[in-house]
Amino acid sequence: MVNSEYERRIAARFTTFDQDGNGHIDRSDFSGAAKALLAEFGVAARSDRGQALYGGAEALWQGLAGIADRDGDQRITREEFVTGAVKRLRDKPDRFAEIARPFLHAALGVADADGDGAVTVADTARALTAFGVPEDLARQAAAALDRDGDGKVGETEIVPAFARYFTVPE
């Protein structure tokens with residue numbers, strides 16, 4: 001049951017992870033997100049960057065399941081997601097950042113056309129769109145991630161922003 005404003009905001013984040021919209025989060029949501037990103041940027045799944053992305057997706061799934069999958073059925077319901085966030089992440093966004101870091105690092109690697117360790121704002125928006133974010137919102141979010149205004153988004157910008165978004169402190 002969702003009681004507080006914090007819990008309502010966390011519940012709204014659930015759909016971001018439930019990529020296939022089936023009402024629960026499972027491993028296939030993360031591998032599906034990886035597959036969509038690889039397709040968007042034309043990167044082969046068997047390449048080093050593709051394998052790193054799938055490895056990062058698995059690490060993110062395992063970390064999230066460890067926090068939220070209370071009944072051990074390898075599926076996270078909306079209630080489990082909210083409860084896990086409230087009990088384990090609410091006051092510890094850095095913990096969530098570390099769980100997400102391998103996936104985000106690998107996702108940046110896939111989208112990083114010139115290999116300089118950062119992704120253009122436009123390519124960041126493409127990546128967000130591949131993950132199911134509506135195009136106009138993806139462009140706005142990508143621009144906001146470029147905190148230093150250099151036209152690029154790097155790991156130091158995206159990891160804390162990702163953690164803030166999914167832990168949404170009160």
# chains A, B, ... in the order shown; residues from 1 in each chain; ligands from 1

$ closest_atom_pairs --of "region 20-117 of chain A" --to "region 130-133 of chain A" --cutoff "7 Å" --atoms "only C-alpha atoms" --output "CSV"
residue,atom,partner,partner_atom,distance
A:Ala33,CA,A:Phe131,CA,5.8
A:Ala36,CA,A:Ala130,CA,5.7
A:Leu37,CA,A:Ala130,CA,5.6
A:Glu40,CA,A:Ala130,CA,6.5

$ residues_around --residues "region 44-47 of chain A" --least-positions-apart "5" --cutoff "10 Å" --atoms "only C-alpha atoms" --output "PyMOL selection string"
chain A and resi 34-35+38-39+52-54+110

$ write_last_selection --atoms "N, CA, C and O atoms" --output "PDB file, in the first residue's frame"
ATOM      1  N   ALA A  34      18.950  -3.419 -22.521  1.00  0.00           N
ATOM      2  CA  ALA A  34      20.278  -3.508 -23.133  1.00  0.00           C
ATOM      3  C   ALA A  34      20.147  -3.762 -24.637  1.00  0.00           C
ATOM      4  O   ALA A  34      20.821  -3.107 -25.450  1.00  0.00           O
ATOM      5  N   LYS A  35      19.266  -4.679 -25.011  1.00  0.00           N
ATOM      6  CA  LYS A  35      19.067  -4.996 -26.427  1.00  0.00           C
ATOM      7  C   LYS A  35      18.591  -3.771 -27.203  1.00  0.00           C
ATOM      8  O   LYS A  35      19.074  -3.498 -28.307  1.00  0.00           O
ATOM      9  N   LEU A  38      21.543  -1.328 -27.671  1.00  0.00           N
ATOM     10  CA  LEU A  38      22.481  -1.827 -28.678  1.00  0.00           C
ATOM     11  C   LEU A  38      21.926  -1.631 -30.084  1.00  0.00           C
ATOM     12  O   LEU A  38      22.653  -1.213 -30.992  1.00  0.00           O
ATOM     13  N   ALA A  39      20.640  -1.893 -30.259  1.00  0.00           N
ATOM     14  CA  ALA A  39      20.017  -1.715 -31.574  1.00  0.00           C
ATOM     15  C   ALA A  39      20.033  -0.245 -31.984  1.00  0.00           C
ATOM     16  O   ALA A  39      20.324   0.081 -33.143  1.00  0.00           O
ATOM     17  N   ALA A  52      29.685  -5.937 -22.200  1.00  0.00           N
ATOM     18  CA  ALA A  52      29.775  -5.103 -20.992  1.00  0.00           C
ATOM     19  C   ALA A  52      28.390  -4.574 -20.615  1.00  0.00           C
ATOM     20  O   ALA A  52      28.040  -4.521 -19.425  1.00  0.00           O
ATOM     21  N   LEU A  53      27.596  -4.198 -21.618  1.00  0.00           N
ATOM     22  CA  LEU A  53      26.260  -3.695 -21.337  1.00  0.00           C
ATOM     23  C   LEU A  53      25.380  -4.796 -20.748  1.00  0.00           C
ATOM     24  O   LEU A  53      24.675  -4.564 -19.758  1.00  0.00           O
ATOM     25  N   TYR A  54      25.410  -5.973 -21.317  1.00  0.00           N
ATOM     26  CA  TYR A  54      24.622  -7.080 -20.757  1.00  0.00           C
ATOM     27  C   TYR A  54      25.101  -7.439 -19.349  1.00  0.00           C
ATOM     28  O   TYR A  54      24.286  -7.726 -18.464  1.00  0.00           O
ATOM     29  N   VAL A 110      28.426   2.339 -24.930  1.00  0.00           N
ATOM     30  CA  VAL A 110      27.702   2.007 -26.168  1.00  0.00           C
ATOM     31  C   VAL A 110      27.374   3.278 -26.949  1.00  0.00           C
ATOM     32  O   VAL A 110      27.511   3.325 -28.166  1.00  0.00           O
TER      33      VAL A 110
END

$ select_by_dssp --residues "chain A" --states "helix (DSSP H, G or I)" --output "ChimeraX atom specification"
/A:5-17,27-41,48-68,78-89,93-111,121-130,135-145,155-167

$ residues_around --residues "region 82-93 of chain A" --least-positions-apart "4" --cutoff "10 Å" --atoms "only C-alpha atoms" --output "PDB file with N, CA and C atoms, in the first residue's frame"
ATOM      1  N   MET A   1       0.843  -1.179   0.000  1.00  0.00           N
ATOM      2  CA  MET A   1       0.000   0.000   0.000  1.00  0.00           C
ATOM      3  C   MET A   1       0.888   1.242   0.000  1.00  0.00           C
ATOM      4  N   VAL A   2       0.557   2.209  -0.808  1.00  0.00           N
ATOM      5  CA  VAL A   2       1.337   3.425  -0.935  1.00  0.00           C
ATOM      6  C   VAL A   2       0.693   4.508  -0.074  1.00  0.00           C
ATOM      7  N   TYR A   6       6.340  10.333  -0.611  1.00  0.00           N
ATOM      8  CA  TYR A   6       7.579   9.676  -1.055  1.00  0.00           C
ATOM      9  C   TYR A   6       7.257   8.335  -1.711  1.00  0.00           C
ATOM     10  N   GLU A   7       6.413   7.539  -1.076  1.00  0.00           N
ATOM     11  CA  GLU A   7       6.054   6.242  -1.626  1.00  0.00           C
ATOM     12  C   GLU A   7       5.321   6.381  -2.961  1.00  0.00           C
ATOM     13  N   ARG A   8       4.493   7.390  -3.106  1.00  0.00           N
ATOM     14  CA  ARG A   8       3.802   7.620  -4.379  1.00  0.00           C
ATOM     15  C   ARG A   8       4.813   7.960  -5.482  1.00  0.00           C
ATOM     16  N   ARG A   9       5.790   8.776  -5.156  1.00  0.00           N
ATOM     17  CA  ARG A   9       6.798   9.129  -6.159  1.00  0.00           C
ATOM     18  C   ARG A   9       7.630   7.915  -6.549  1.00  0.00           C
ATOM     19  N   ILE A  10       7.990   7.095  -5.585  1.00  0.00           N
ATOM     20  CA  ILE A  10       8.758   5.883  -5.881  1.00  0.00           C
ATOM     21  C   ILE A  10       7.924   4.931  -6.740  1.00  0.00           C
ATOM     22  N   ALA A  11       6.655   4.767  -6.401  1.00  0.00           N
ATOM     23  CA  ALA A  11       5.777   3.884  -7.176  1.00  0.00           C
ATOM     24  C   ALA A  11       5.718   4.325  -8.636  1.00  0.00           C
ATOM     25  N   ALA A  12       5.746   5.619  -8.880  1.00  0.00           N
ATOM     26  CA  ALA A  12       5.725   6.127 -10.252  1.00  0.00           C
ATOM     27  C   ALA A  12       6.991   5.737 -11.018  1.00  0.00           C
ATOM     28  N   ARG A  13       8.097   5.527 -10.315  1.00  0.00           N
ATOM     29  CA  ARG A  13       9.360   5.126 -10.963  1.00  0.00           C
ATOM     30  C   ARG A  13       9.339   3.663 -11.401  1.00  0.00           C
ATOM     31  N   PHE A  14       8.454   2.879 -10.836  1.00  0.00           N
ATOM     32  CA  PHE A  14       8.368   1.450 -11.132  1.00  0.00           C
ATOM     33  C   PHE A  14       8.272   1.189 -12.633  1.00  0.00           C
ATOM     34  N   LEU A  64      19.134  -4.714  -7.694  1.00  0.00           N
ATOM     35  CA  LEU A  64      17.756  -4.332  -7.411  1.00  0.00           C
ATOM     36  C   LEU A  64      16.985  -5.495  -6.797  1.00  0.00           C
ATOM     37  N   ALA A  65      17.192  -6.702  -7.312  1.00  0.00           N
ATOM     38  CA  ALA A  65      16.521  -7.875  -6.750  1.00  0.00           C
ATOM     39  C   ALA A  65      16.951  -8.089  -5.296  1.00  0.00           C
ATOM     40  N   GLY A  66      18.222  -7.865  -5.014  1.00  0.00           N
ATOM     41  CA  GLY A  66      18.699  -8.012  -3.642  1.00  0.00           C
ATOM     42  C   GLY A  66      18.051  -7.029  -2.684  1.00  0.00           C
ATOM     43  N   ILE A  67      17.685  -5.880  -3.181  1.00  0.00           N
ATOM     44  CA  ILE A  67      17.033  -4.856  -2.365  1.00  0.00           C
ATOM     45  C   ILE A  67      15.530  -5.100  -2.249  1.00  0.00           C
ATOM     46  N   ALA A  68      14.907  -5.536  -3.350  1.00  0.00           N
ATOM     47  CA  ALA A  68      13.447  -5.495  -3.390  1.00  0.00           C
ATOM     48  C   ALA A  68      12.725  -6.841  -3.505  1.00  0.00           C
ATOM     49  N   ASP A  69      13.349  -7.872  -4.047  1.00  0.00           N
ATOM     50  CA  ASP A  69      12.633  -9.135  -4.272  1.00  0.00           C
ATOM     51  C   ASP A  69      12.534  -9.919  -2.962  1.00  0.00           C
ATOM     52  N   ARG A  70      11.590  -9.557  -2.138  1.00  0.00           N
ATOM     53  CA  ARG A  70      11.476 -10.120  -0.789  1.00  0.00           C
ATOM     54  C   ARG A  70      11.061 -11.577  -0.777  1.00  0.00           C
ATOM     55  N   ILE A  76       9.942  -8.588  -9.239  1.00  0.00           N
ATOM     56  CA  ILE A  76       9.711  -7.517  -8.267  1.00  0.00           C
ATOM     57  C   ILE A  76       8.376  -6.872  -8.595  1.00  0.00           C
ATOM     58  N   THR A  77       7.449  -6.972  -7.655  1.00  0.00           N
ATOM     59  CA  THR A  77       6.154  -6.320  -7.825  1.00  0.00           C
ATOM     60  C   THR A  77       6.287  -4.845  -7.480  1.00  0.00           C
ATOM     61  N   ARG A  78       5.271  -4.075  -7.817  1.00  0.00           N
ATOM     62  CA  ARG A  78       5.265  -2.644  -7.472  1.00  0.00           C
ATOM     63  C   ARG A  78       5.391  -2.480  -5.951  1.00  0.00           C
ATOM     64  N   ALA A  97      23.367   4.336  -6.470  1.00  0.00           N
ATOM     65  CA  ALA A  97      24.294   4.777  -7.513  1.00  0.00           C
ATOM     66  C   ALA A  97      25.338   3.705  -7.791  1.00  0.00           C
ATOM     67  N   GLU A  98      25.844   3.082  -6.756  1.00  0.00           N
ATOM     68  CA  GLU A  98      26.865   2.051  -6.945  1.00  0.00           C
ATOM     69  C   GLU A  98      26.288   0.795  -7.591  1.00  0.00           C
ATOM     70  N   ILE A  99      25.033   0.485  -7.294  1.00  0.00           N
ATOM     71  CA  ILE A  99      24.377  -0.655  -7.938  1.00  0.00           C
ATOM     72  C   ILE A  99      24.202  -0.376  -9.434  1.00  0.00           C
ATOM     73  N   PRO A 160      24.968  10.084 -10.437  1.00  0.00           N
ATOM     74  CA  PRO A 160      24.221  10.714  -9.339  1.00  0.00           C
ATOM     75  C   PRO A 160      22.799  11.118  -9.738  1.00  0.00           C
ATOM     76  N   ALA A 161      22.612  11.537 -10.988  1.00  0.00           N
ATOM     77  CA  ALA A 161      21.272  11.925 -11.436  1.00  0.00           C
ATOM     78  C   ALA A 161      20.346  10.712 -11.453  1.00  0.00           C
ATOM     79  N   PHE A 162      20.850   9.587 -11.892  1.00  0.00           N
ATOM     80  CA  PHE A 162      20.076   8.346 -11.916  1.00  0.00           C
ATOM     81  C   PHE A 162      19.673   7.957 -10.489  1.00  0.00           C
ATOM     82  N   ALA A 163      20.617   8.039  -9.581  1.00  0.00           N
ATOM     83  CA  ALA A 163      20.326   7.704  -8.176  1.00  0.00           C
ATOM     84  C   ALA A 163      19.292   8.662  -7.593  1.00  0.00           C
ATOM     85  N   ARG A 164      19.440   9.945  -7.868  1.00  0.00           N
ATOM     86  CA  ARG A 164      18.464  10.919  -7.368  1.00  0.00           C
ATOM     87  C   ARG A 164      17.072  10.632  -7.908  1.00  0.00           C
ATOM     88  N   TYR A 165      16.996  10.315  -9.187  1.00  0.00           N
ATOM     89  CA  TYR A 165      15.697  10.063  -9.810  1.00  0.00           C
ATOM     90  C   TYR A 165      14.999   8.860  -9.174  1.00  0.00           C
ATOM     91  N   PHE A 166      15.762   7.814  -8.891  1.00  0.00           N
ATOM     92  CA  PHE A 166      15.136   6.604  -8.368  1.00  0.00           C
ATOM     93  C   PHE A 166      15.037   6.548  -6.858  1.00  0.00           C
ATOM     94  N   THR A 167      15.669   7.462  -6.169  1.00  0.00           N
ATOM     95  CA  THR A 167      15.515   7.483  -4.709  1.00  0.00           C
ATOM     96  C   THR A 167      14.697   8.681  -4.255  1.00  0.00           C
ATOM     97  N   VAL A 168      14.498   9.649  -5.141  1.00  0.00           N
ATOM     98  CA  VAL A 168      13.707  10.854  -4.912  1.00  0.00           C
ATOM     99  C   VAL A 168      13.544  11.219  -3.424  1.00  0.00           C
ATOM    100  N   PRO A 169      14.590  11.786  -2.826  1.00  0.00           N
ATOM    101  CA  PRO A 169      14.482  12.163  -1.413  1.00  0.00           C
ATOM    102  C   PRO A 169      13.351  13.172  -1.193  1.00  0.00           C
ATOM    103  N   GLU A 170      12.775  13.092   0.004  1.00  0.00           N
ATOM    104  CA  GLU A 170      11.662  14.006   0.323  1.00  0.00           C
ATOM    105  C   GLU A 170      12.147  15.414   0.484  1.00  0.00           C
TER     106      GLU A 170
END

$ residues_around --residues "Glu155 (chain A)" --least-positions-apart "2" --cutoff "10 Å" --atoms "only C-alpha atoms" --output "list in words"
Arg101, Leu104, His105, Ala106, Ala107, Leu108, Gly109, Gly117, Ala118, Val119, Val153, Glu157, Ile158, Val159, Pro160 and Ala161 of chain A
